[in-house]
Amino acid sequence: MEPRNKINVYLDDETDPFITLNTPVKFILDTTKIPDGKHKLRIVAKSSGGVEGIKIIPFEVKNGPTISVVGLNENDVVSEEISVIVNSYGSEGKDQFVVYGSETPKGIPSWIWALVILFVAFFAFYLIMNWNQESYKSFF
């Protein structure tokens, strides 16, 4: 039997591997046991000749509920009082769906208002430029 390569898999900056296996291998990484946030998976492989290689894979765990904030963005400079709306929703309750409070209210984006104003202005311009008494025919 030929010797196989050995790998150690570490999470973040841990000194003890959470799994040691011989390659090739397929394993399941259960992220429900890892807290939300940024992490890195460090894979250290050792060949049968004793040569070592390292691969670091950064990833982010997001198992908790989604948190939506309206009214305050990252690195905003604020003064006085500001209105902040916070909403949180997750996917734990699979058997029911509550419509009330499941969506975070947001204002209509300014580019949509600009499009509406342009459309109304064009309609008014077209109506003014092409309206004359001869083209108007009464049904009576």
# chains A, B, ... in the order shown; residues from 1 in each chain; ligands from 1
call {"tool": "residues_around", "arguments": {"residues": "A:Val84", "least_positions_apart": "3", "cutoff": "7 Å", "atoms": "only C-alpha atoms", "output": "short mmCIF file (atom, residue, chain, number, x, y, z; two decimals) with all heavy atoms, in the first residue's frame"}}
result
data_model
loop_
_atom_site.label_atom_id
_atom_site.label_comp_id
_atom_site.auth_asym_id
_atom_site.auth_seq_id
_atom_site.Cartn_x
_atom_site.Cartn_y
_atom_site.Cartn_z
N VAL A 69 -31.28 47.56 8.97
CA VAL A 69 -31.32 48.85 9.64
C VAL A 69 -31.57 49.92 8.58
O VAL A 69 -30.87 49.98 7.57
CB VAL A 69 -30.00 49.14 10.39
CG1 VAL A 69 -30.04 50.51 11.03
CG2 VAL A 69 -29.73 48.07 11.43
N VAL A 70 -32.58 50.75 8.81
CA VAL A 70 -32.89 51.87 7.92
C VAL A 70 -32.73 53.15 8.73
O VAL A 70 -33.25 53.26 9.83
CB VAL A 70 -34.33 51.76 7.38
CG1 VAL A 70 -34.68 52.97 6.53
CG2 VAL A 70 -34.50 50.49 6.58
N GLY A 71 -31.99 54.10 8.18
CA GLY A 71 -31.83 55.39 8.85
C GLY A 71 -30.42 55.64 9.33
O GLY A 71 -30.08 56.77 9.69
N LEU A 72 -29.59 54.63 9.36
CA LEU A 72 -28.21 54.79 9.80
C LEU A 72 -27.33 53.81 9.03
O LEU A 72 -27.56 52.60 9.06
CB LEU A 72 -28.08 54.52 11.31
CG LEU A 72 -26.73 54.79 11.94
CD1 LEU A 72 -26.38 56.28 11.84
CD2 LEU A 72 -26.73 54.38 13.40
#
call {"tool": "select_by_dssp", "arguments": {"residues": "chain A", "states": "helix (DSSP H, G or I)", "output": "ChimeraX atom specification"}}
result
/A:31-33,110-130
call {"tool": "write_last_selection", "arguments": {"atoms": "N, CA, C and O atoms", "output": "short mmCIF file (atom, residue, chain, number, x, y, z; two decimals), in the first residue's frame"}}
result
data_model
loop_
_atom_site.label_atom_id
_atom_site.label_comp_id
_atom_site.auth_asym_id
_atom_site.auth_seq_id
_atom_site.Cartn_x
_atom_site.Cartn_y
_atom_site.Cartn_z
N THR A 31 -21.40 24.65 9.89
CA THR A 31 -21.26 26.05 10.31
C THR A 31 -22.23 26.43 11.41
O THR A 31 -22.13 27.53 11.95
N THR A 32 -23.18 25.55 11.75
CA THR A 32 -24.10 25.88 12.84
C THR A 32 -23.40 25.87 14.19
O THR A 32 -23.91 26.43 15.15
N LYS A 33 -22.24 25.27 14.27
CA LYS A 33 -21.48 25.24 15.52
C LYS A 33 -20.41 26.34 15.57
O LYS A 33 -19.64 26.42 16.52
N SER A 110 -34.67 57.79 -5.14
CA SER A 110 -34.77 59.07 -5.84
C SER A 110 -34.75 58.90 -7.36
O SER A 110 -35.36 59.69 -8.08
N TRP A 111 -34.10 57.88 -7.88
CA TRP A 111 -34.05 57.70 -9.33
C TRP A 111 -35.44 57.34 -9.88
O TRP A 111 -35.76 57.68 -11.02
N ILE A 112 -36.27 56.69 -9.08
CA ILE A 112 -37.64 56.39 -9.54
C ILE A 112 -38.45 57.68 -9.59
O ILE A 112 -39.20 57.91 -10.52
N TRP A 113 -38.28 58.55 -8.58
CA TRP A 113 -38.96 59.84 -8.61
C TRP A 113 -38.52 60.65 -9.83
O TRP A 113 -39.36 61.30 -10.47
N ALA A 114 -37.24 60.62 -10.17
CA ALA A 114 -36.75 61.34 -11.34
C ALA A 114 -37.40 60.81 -12.62
O ALA A 114 -37.79 61.58 -13.50
N LEU A 115 -37.53 59.48 -12.73
CA LEU A 115 -38.18 58.90 -13.91
C LEU A 115 -39.65 59.30 -14.00
O LEU A 115 -40.16 59.60 -15.09
N VAL A 116 -40.36 59.32 -12.88
CA VAL A 116 -41.77 59.70 -12.88
C VAL A 116 -41.91 61.16 -13.32
O VAL A 116 -42.77 61.50 -14.13
N ILE A 117 -41.07 62.03 -12.79
CA ILE A 117 -41.12 63.45 -13.15
C ILE A 117 -40.81 63.63 -14.63
O ILE A 117 -41.49 64.41 -15.33
N LEU A 118 -39.80 62.93 -15.17
CA LEU A 118 -39.49 63.03 -16.60
C LEU A 118 -40.65 62.54 -17.46
O LEU A 118 -40.98 63.15 -18.49
N PHE A 119 -41.29 61.46 -17.05
CA PHE A 119 -42.43 60.94 -17.81
C PHE A 119 -43.58 61.94 -17.82
O PHE A 119 -44.16 62.21 -18.88
N VAL A 120 -43.92 62.50 -16.67
CA VAL A 120 -45.01 63.47 -16.59
C VAL A 120 -44.66 64.73 -17.40
O VAL A 120 -45.50 65.28 -18.12
N ALA A 121 -43.40 65.19 -17.31
CA ALA A 121 -42.99 66.37 -18.07
C ALA A 121 -43.08 66.12 -19.57
O ALA A 121 -43.54 66.97 -20.32
N PHE A 122 -42.65 64.94 -20.03
CA PHE A 122 -42.74 64.62 -21.46
C PHE A 122 -44.20 64.55 -21.91
O PHE A 122 -44.55 65.04 -22.98
N PHE A 123 -45.05 63.96 -21.09
CA PHE A 123 -46.47 63.86 -21.43
C PHE A 123 -47.08 65.27 -21.56
O PHE A 123 -47.81 65.54 -22.51
N ALA A 124 -46.76 66.15 -20.63
CA ALA A 124 -47.28 67.52 -20.68
C ALA A 124 -46.74 68.24 -21.91
O ALA A 124 -47.49 68.95 -22.61
N PHE A 125 -45.46 68.09 -22.21
CA PHE A 125 -44.87 68.72 -23.39
C PHE A 125 -45.54 68.23 -24.67
O PHE A 125 -45.91 69.00 -25.54
N TYR A 126 -45.73 66.93 -24.78
CA TYR A 126 -46.36 66.34 -25.96
C TYR A 126 -47.79 66.83 -26.11
O TYR A 126 -48.24 67.17 -27.21
N LEU A 127 -48.52 66.90 -25.00
CA LEU A 127 -49.90 67.34 -25.03
C LEU A 127 -49.99 68.81 -25.46
O LEU A 127 -50.83 69.16 -26.30
N ILE A 128 -49.12 69.66 -24.92
CA ILE A 128 -49.14 71.08 -25.27
C ILE A 128 -48.75 71.29 -26.74
O ILE A 128 -49.36 72.10 -27.45
N MET A 129 -47.75 70.60 -27.21
CA MET A 129 -47.26 70.80 -28.58
C MET A 129 -48.22 70.26 -29.64
O MET A 129 -48.24 70.74 -30.76
N ASN A 130 -49.02 69.26 -29.33
CA ASN A 130 -49.86 68.62 -30.33
C ASN A 130 -51.35 68.88 -30.14
O ASN A 130 -52.16 68.29 -30.85
#
call {"tool": "atom_distance", "arguments": {"atom1": "atom CA of A:Glu60", "atom2": "atom CA of A:Thr23"}}
result
25.4 Å
call {"tool": "closest_residue", "arguments": {"among": "A:Lys55, A:Lys38, A:Lys46, A:Lys62", "to": "A:Thr20", "atoms": "only C-alpha atoms"}}
result
A:Lys46
call {"tool": "residues_around", "arguments": {"residues": "A:Ile7", "least_positions_apart": "5", "cutoff": "9 Å", "atoms": "only C-alpha atoms", "output": "ChimeraX atom specification"}}
result
/A:19-23,43-47
call {"tool": "select_by_dssp", "arguments": {"residues": "chain A", "states": "strand (DSSP E or B)", "output": "ChimeraX atom specification"}}
result
/A:6-11,19-22,37-46,52-61,66-70,85-89
call {"tool": "write_last_selection", "arguments": {"atoms": "C-alpha atoms", "output": "PDB file, in the first residue's frame"}}
result
ATOM      1  CA  LYS A   6      -2.058  13.747   5.653  1.00  0.00           C
ATOM      2  CA  ILE A   7      -3.985  17.001   6.222  1.00  0.00           C
ATOM      3  CA  ASN A   8      -4.804  18.957   9.358  1.00  0.00           C
ATOM      4  CA  VAL A   9      -7.684  21.424   9.229  1.00  0.00           C
ATOM      5  CA  TYR A  10      -7.705  24.385  11.633  1.00  0.00           C
ATOM      6  CA  LEU A  11     -10.375  27.007  12.261  1.00  0.00           C
ATOM      7  CA  ILE A  19      -9.887  17.349  11.992  1.00  0.00           C
ATOM      8  CA  THR A  20      -6.952  15.251  10.773  1.00  0.00           C
ATOM      9  CA  LEU A  21      -7.437  13.076   7.694  1.00  0.00           C
ATOM     10  CA  ASN A  22      -5.650  11.247   4.903  1.00  0.00           C
ATOM     11  CA  GLY A  37     -18.703  36.495  11.651  1.00  0.00           C
ATOM     12  CA  LYS A  38     -15.509  36.308   9.643  1.00  0.00           C
ATOM     13  CA  HIS A  39     -13.382  33.184   9.983  1.00  0.00           C
ATOM     14  CA  LYS A  40     -10.606  31.411   8.148  1.00  0.00           C
ATOM     15  CA  LEU A  41     -10.058  27.762   7.414  1.00  0.00           C
ATOM     16  CA  ARG A  42      -6.379  26.838   7.463  1.00  0.00           C
ATOM     17  CA  ILE A  43      -5.481  23.555   5.782  1.00  0.00           C
ATOM     18  CA  VAL A  44      -2.003  22.205   6.418  1.00  0.00           C
ATOM     19  CA  ALA A  45      -1.009  19.267   4.225  1.00  0.00           C
ATOM     20  CA  LYS A  46       2.007  17.071   4.821  1.00  0.00           C
ATOM     21  CA  GLU A  52       4.371  20.821   4.296  1.00  0.00           C
ATOM     22  CA  GLY A  53       1.969  23.111   2.395  1.00  0.00           C
ATOM     23  CA  ILE A  54      -0.596  25.588   3.719  1.00  0.00           C
ATOM     24  CA  LYS A  55      -3.829  26.930   2.204  1.00  0.00           C
ATOM     25  CA  ILE A  56      -5.891  29.601   4.001  1.00  0.00           C
ATOM     26  CA  ILE A  57      -9.523  30.120   2.972  1.00  0.00           C
ATOM     27  CA  PRO A  58     -11.308  33.136   4.489  1.00  0.00           C
ATOM     28  CA  PHE A  59     -15.105  32.858   4.797  1.00  0.00           C
ATOM     29  CA  GLU A  60     -18.000  34.414   6.659  1.00  0.00           C
ATOM     30  CA  VAL A  61     -20.646  32.551   8.647  1.00  0.00           C
ATOM     31  CA  THR A  66     -30.921  38.852   9.099  1.00  0.00           C
ATOM     32  CA  ILE A  67     -30.766  42.300  10.654  1.00  0.00           C
ATOM     33  CA  SER A  68     -31.917  45.248   8.567  1.00  0.00           C
ATOM     34  CA  VAL A  69     -31.322  48.853   9.638  1.00  0.00           C
ATOM     35  CA  VAL A  70     -32.890  51.866   7.921  1.00  0.00           C
ATOM     36  CA  ILE A  85     -35.709  51.407  12.151  1.00  0.00           C
ATOM     37  CA  VAL A  86     -34.316  47.971  13.039  1.00  0.00           C
ATOM     38  CA  ASN A  87     -35.879  44.731  11.839  1.00  0.00           C
ATOM     39  CA  SER A  88     -34.743  41.160  12.333  1.00  0.00           C
ATOM     40  CA  TYR A  89     -36.051  38.023  10.657  1.00  0.00           C
TER      41      TYR A  89
END
call {"tool": "atom_distance", "arguments": {"atom1": "atom CA of A:Ser48", "atom2": "atom CA of A:Phe27"}}
result
21.1 Å
call {"tool": "atom_distance", "arguments": {"atom1": "atom CA of A:Ser83", "atom2": "atom CA of A:Asn63"}}
result
27.9 Å
call {"tool": "decode", "arguments": {"residues": "stretch 24-52 of chain A", "atoms": "N, CA and C atoms", "output": "JSON list (two decimals), in the first residue's frame"}}
result
[["chain", "number", "residue", "atom", "x", "y", "z"],
["A", 24, "PRO", "N", -7.14, 11.47, -0.59],
["A", 24, "PRO", "CA", -8.18, 12.47, -0.79],
["A", 24, "PRO", "C", -9.33, 12.24, 0.18],
["A", 25, "VAL", "N", -10.00, 13.32, 0.56],
["A", 25, "VAL", "CA", -11.05, 13.22, 1.57],
["A", 25, "VAL", "C", -12.15, 14.23, 1.26],
["A", 26, "LYS", "N", -13.34, 13.90, 1.68],
["A", 26, "LYS", "CA", -14.48, 14.81, 1.60],
["A", 26, "LYS", "C", -15.08, 14.87, 2.99],
["A", 27, "PHE", "N", -15.24, 16.10, 3.52],
["A", 27, "PHE", "CA", -15.82, 16.22, 4.86],
["A", 27, "PHE", "C", -16.87, 17.33, 4.87],
["A", 28, "ILE", "N", -17.73, 17.30, 5.86],
["A", 28, "ILE", "CA", -18.80, 18.28, 6.01],
["A", 28, "ILE", "C", -18.38, 19.29, 7.08],
["A", 29, "LEU", "N", -18.40, 20.58, 6.72],
["A", 29, "LEU", "CA", -18.11, 21.64, 7.67],
["A", 29, "LEU", "C", -19.44, 22.16, 8.20],
["A", 30, "ASP", "N", -19.75, 21.85, 9.45],
["A", 30, "ASP", "CA", -21.02, 22.25, 10.06],
["A", 30, "ASP", "C", -20.88, 23.67, 10.61],
["A", 31, "THR", "N", -21.40, 24.65, 9.89],
["A", 31, "THR", "CA", -21.26, 26.05, 10.31],
["A", 31, "THR", "C", -22.23, 26.43, 11.41],
["A", 32, "THR", "N", -23.18, 25.55, 11.75],
["A", 32, "THR", "CA", -24.10, 25.88, 12.84],
["A", 32, "THR", "C", -23.40, 25.87, 14.19],
["A", 33, "LYS", "N", -22.24, 25.27, 14.27],
["A", 33, "LYS", "CA", -21.48, 25.24, 15.52],
["A", 33, "LYS", "C", -20.41, 26.34, 15.57],
["A", 34, "ILE", "N", -20.36, 27.17, 14.52],
["A", 34, "ILE", "CA", -19.39, 28.27, 14.45],
["A", 34, "ILE", "C", -20.15, 29.58, 14.62],
["A", 35, "PRO", "N", -19.68, 30.49, 15.47],
["A", 35, "PRO", "CA", -20.40, 31.76, 15.63],
["A", 35, "PRO", "C", -20.37, 32.60, 14.36],
["A", 36, "ASP", "N", -21.40, 33.43, 14.19],
["A", 36, "ASP", "CA", -21.47, 34.31, 13.03],
["A", 36, "ASP", "C", -20.27, 35.25, 13.01],
["A", 37, "GLY", "N", -19.83, 35.58, 11.81],
["A", 37, "GLY", "CA", -18.70, 36.50, 11.65],
["A", 37, "GLY", "C", -17.69, 35.96, 10.67],
["A", 38, "LYS", "N", -16.58, 36.68, 10.57],
["A", 38, "LYS", "CA", -15.51, 36.31, 9.64],
["A", 38, "LYS", "C", -14.60, 35.27, 10.30],
["A", 39, "HIS", "N", -14.25, 34.26, 9.52],
["A", 39, "HIS", "CA", -13.38, 33.18, 9.98],
["A", 39, "HIS", "C", -12.42, 32.82, 8.86],
["A", 40, "LYS", "N", -11.48, 31.95, 9.19],
["A", 40, "LYS", "CA", -10.61, 31.41, 8.15],
["A", 40, "LYS", "C", -10.35, 29.94, 8.43],
["A", 41, "LEU", "N", -10.35, 29.19, 7.35],
["A", 41, "LEU", "CA", -10.06, 27.76, 7.41],
["A", 41, "LEU", "C", -8.62, 27.59, 6.94],
["A", 42, "ARG", "N", -7.79, 27.03, 7.81],
["A", 42, "ARG", "CA", -6.38, 26.84, 7.46],
["A", 42, "ARG", "C", -6.15, 25.34, 7.29],
["A", 43, "ILE", "N", -5.72, 24.96, 6.10],
["A", 43, "ILE", "CA", -5.48, 23.55, 5.78],
["A", 43, "ILE", "C", -3.98, 23.36, 5.63],
["A", 44, "VAL", "N", -3.43, 22.51, 6.46],
["A", 44, "VAL", "CA", -2.00, 22.21, 6.42],
["A", 44, "VAL", "C", -1.86, 20.76, 5.94],
["A", 45, "ALA", "N", -1.19, 20.60, 4.80],
["A", 45, "ALA", "CA", -1.01, 19.27, 4.22],
["A", 45, "ALA", "C", 0.45, 18.86, 4.37],
["A", 46, "LYS", "N", 0.65, 17.61, 4.70],
["A", 46, "LYS", "CA", 2.01, 17.07, 4.82],
["A", 46, "LYS", "C", 2.10, 15.87, 3.90],
["A", 47, "SER", "N", 3.06, 15.93, 2.99],
["A", 47, "SER", "CA", 3.23, 14.83, 2.05],
["A", 47, "SER", "C", 3.93, 13.66, 2.73],
["A", 48, "SER", "N", 3.95, 12.55, 2.02],
["A", 48, "SER", "CA", 4.61, 11.37, 2.57],
["A", 48, "SER", "C", 6.11, 11.59, 2.76],
["A", 49, "GLY", "N", 6.68, 12.56, 2.02],
["A", 49, "GLY", "CA", 8.09, 12.90, 2.17],
["A", 49, "GLY", "C", 8.36, 13.91, 3.27],
["A", 50, "GLY", "N", 7.29, 14.39, 3.96],
["A", 50, "GLY", "CA", 7.45, 15.33, 5.06],
["A", 50, "GLY", "C", 7.40, 16.79, 4.66],
["A", 51, "VAL", "N", 7.13, 17.08, 3.38],
["A", 51, "VAL", "CA", 7.05, 18.46, 2.93],
["A", 51, "VAL", "C", 5.66, 19.01, 3.28],
["A", 52, "GLU", "N", 5.62, 20.24, 3.81],
["A", 52, "GLU", "CA", 4.37, 20.82, 4.30],
["A", 52, "GLU", "C", 3.90, 21.95, 3.39]]
